[in-house]
Amino acid sequence: MKISLRLAGFLITACFSHGAEVPPQPFFAATQRLIDATAFLGSPFTPEELTTLRTCIQAHDAASIAKAQTVLDAHALFHVTITPEQRVKVERGSAKPVLDESGWRQYLVRVENEAGVTAKLAASSPQAKEVYVKGSPPVVPNVKPRDPGQPPLAARWLDVHLFDSPPQQPTLSGLGLEYRIIQLYSSEAGKREATFSFDTGQGTQDLGFRAETSILFDSLPAREVTLSITDENGKPCMAELLIKDHAGRIYPSQIKRIAPDFFFHPQIYRGDGEVIKLPDGAYDITFRRGPESIPEQRAVKITGQNTTFKFQVQRWIDPSKRGWWSGDHHIHAAGCAHYSVPSMGVHAPDMARHCMGEDLKIGANLTWGPCFDYQKQFFTGKEDKESRFPFLLRYDVEVSGFGSHKSGHLCLLKLKEQMYPGGDSTAHWPTLCLNTLKWAKKQGALCGPAHSGWGLQPLAENDPARKQNYKLGIPSATDELPNFIIPPFNGIGANEYIVDVTHLVEGPDGKPVPAVDFLSTVDTPHTWELNIWYHTLNAGFRTRISGETDFPCIYGERVGLGRAYVKLDGRLTYDAWCEGIRSGRAYVSDGKSHLMDFKANDQELGVKNSELKLAKPATLKLTAKVAARLDDKRHPEIQSAPVDQKPFWDLERAREGTSHEVPVEVIVNGVSVAQKNILADGSTRDITFDVPISKSSWVALRIRASSHTNPIFVIVNDKPIREKTSLEWCLKCVDQCWSQKEALIDPKEHADAVAAYEHARQVYRERLAE
């Protein structure tokens, strides 16, 4: 079968009726779903077949229906008939029965539904052996007691799955003819026979031998491919491999992967000396190691024998050589796209592998609502044992799915204790963010709101979306920075931050410290994130920024799509990296541009509280080492997408027209006051600006939507930083936030909340009076 609809057992619906009676609308709607589903499963139709099917969809007539069914029938390994009495019988289809050792083949099942049944279709085989069992750890084989009616485990060389997930329905449609996708896995090579039966529930199989059919397969042998993977210095390392055959099928089979490979990834992460199995054939391999590597595209062939593939990382920059260490303070081992089964998420070795494969030095693995009670066992209050210097992994907590999350999620890093007093799970946590922050800061934690932009989109006053909760696709009224539109404050981002930033709380030594250390950036629209940060900096606060991915919830593509690069003079540790975030000795980035060694005169980031004092207005000399790299081949699936479908922070957005130049801007109190373009060719350049400063201000550099430094605070004549319009904005925002969050506060904390919000109003009023 030319499509070789190959992948891990999954079933796809195309809803059809017979012959000329097939209605065009449901027929072609189902055909499009079938096209989408096979592409999603990594086993697309051939280009010629796609052309035929799309032409038929466009023609939308009876003749095109017949032509499309001819294409689909050619891939049907089984013809299933459901009689008017709801008996199910099965016959062989016309597709050639070929399987792959250690791989999946995908075929269609043609279902003639004479009874109009809308139940779930099931397939079974006595030779079937599952490799992914819900409720069992991914590394443990299926060792359920053997059914006396089944052959011994050694004879069960097959796995069978029918796809019933979106974009397809879980049950039959009830139409007279539809197509499902069946996926078959073989653990062995050679001639192998299997018997198959289908049913739609207890007692629906037809009587006699019509209920089953036997098929002799030719299972093609797979070859062992040993991987030699080294970094730019020739040392063994972990890296990413994306393997596709010429039909676009992904290897190993994507949808049936178990940890350490993730079923929502097309890529895998492998280290030096590890082995993968591939059937004979031609493959295209993309090799990379994080955003600072230069991807290698390679065409290879497997031809009847084991082989070795050698890969070496090529870099365009290495910030760590200048003392800048990358980290992602917000990743997860459970929930969102991750497994909830078979093991309540994945374990530290799996997340460590992914961090190493993306050259991400610090990974903050945050336990949160889904699977919290399982994942909490891995918290130790120190770097995880799976850390391999300089790749350091540590478990901490995101307040999400419990407690104060409706007022804004909180990233709590460097915790000594992960459980708020009063219980051993998630039910008893405070509903006011400030109360959680007081507890965390008392133990010296590094704290900040997660995915800051959610709920802070600038909406026009008459925009009906202002009354809705946040959802992707709500437009912004402006991309101006700073802007003075009052956001709805109806989301889960840095909402209560507008209040918490005004508070000092007790630190581990009893002295007052800021309740909030950093604002998360990079994983939500940059205008939404930066606007509230700019305004609170203009109000005189000194919150820093850090970069996050919220993997795999906002972004599931890979860890480290959002990063913070922290400058350290001594040895890298997780705690030292966190303290670098706290002091502001860091810049944030999507990894495609870098703003290193930013100075104002001789004042460095994070040194002496990032503060430069001037006796009177003066012209500052700003310097930095900057680099960026645009490569249209790095992520074809991203680069080919419209700009509004790219990641929220992506260097492509900063491009000047169609050129490979991007602007580096000087930001003073939130306003861009100077700009120089650099060629995004990967070279590191020294850049200098002379910027007049007339009053106390904060100063930073940015490549908009790609990277941003933390600020240097320039204090002129000992006057504080105060911008009246920003303070007025902040004061109005406190009231707007209260209008959305008051109802979410537990009655026992209502008095605390009233006091916290009134304190914020008073602080902003006092600063306005100054």
# chains A, B, ... in the order shown; residues from 1 in each chain; ligands from 1

$ residues_around --residues "region 480-497 of chain A" --least-positions-apart "3" --cutoff "6 Å" --atoms "only C-alpha atoms" --output "ChimeraX atom specification"
/A:406-409,449-458,466,469-470,500-501,531,670,737,740

$ residues_around --residues "Thr684 (chain A)" --least-positions-apart "4" --cutoff "12 Å" --atoms "only C-alpha atoms" --output "PyMOL selection string"
chain A and resi 316-319+322+593-597+624-629+678-680

$ closest_residue --among "A:Cys578, A:Val714, A:Ile554, A:Leu50" --to "Glu604 (chain A)" --atoms "only C-alpha atoms"
A:Val714

$ closest_residue --among "A:Leu572, A:Ala247, A:Leu175, A:Ala333" --to "Arg388 (chain A)" --atoms "only C-alpha atoms"
A:Leu572

$ atom_distance --atom1 "CA of Ile57 (chain A)" --atom2 "CA of Val90 (chain A)"
29.1 Å

$ residues_around --residues "Leu34 (chain A)" --least-positions-apart "2" --cutoff "9 Å" --atoms "only C-alpha atoms" --output "PyMOL selection string"
chain A and resi 12-14+29-32+36-39+167-168+179-181

$ residues_around --residues "Asn601 (chain A)" --least-positions-apart "4" --cutoff "12 Å" --atoms "only C-alpha atoms" --output "NGL selection string"
:A and (597 or 605 or 610-614 or 618-624 or 688-691 or 699 or 712 or 714)
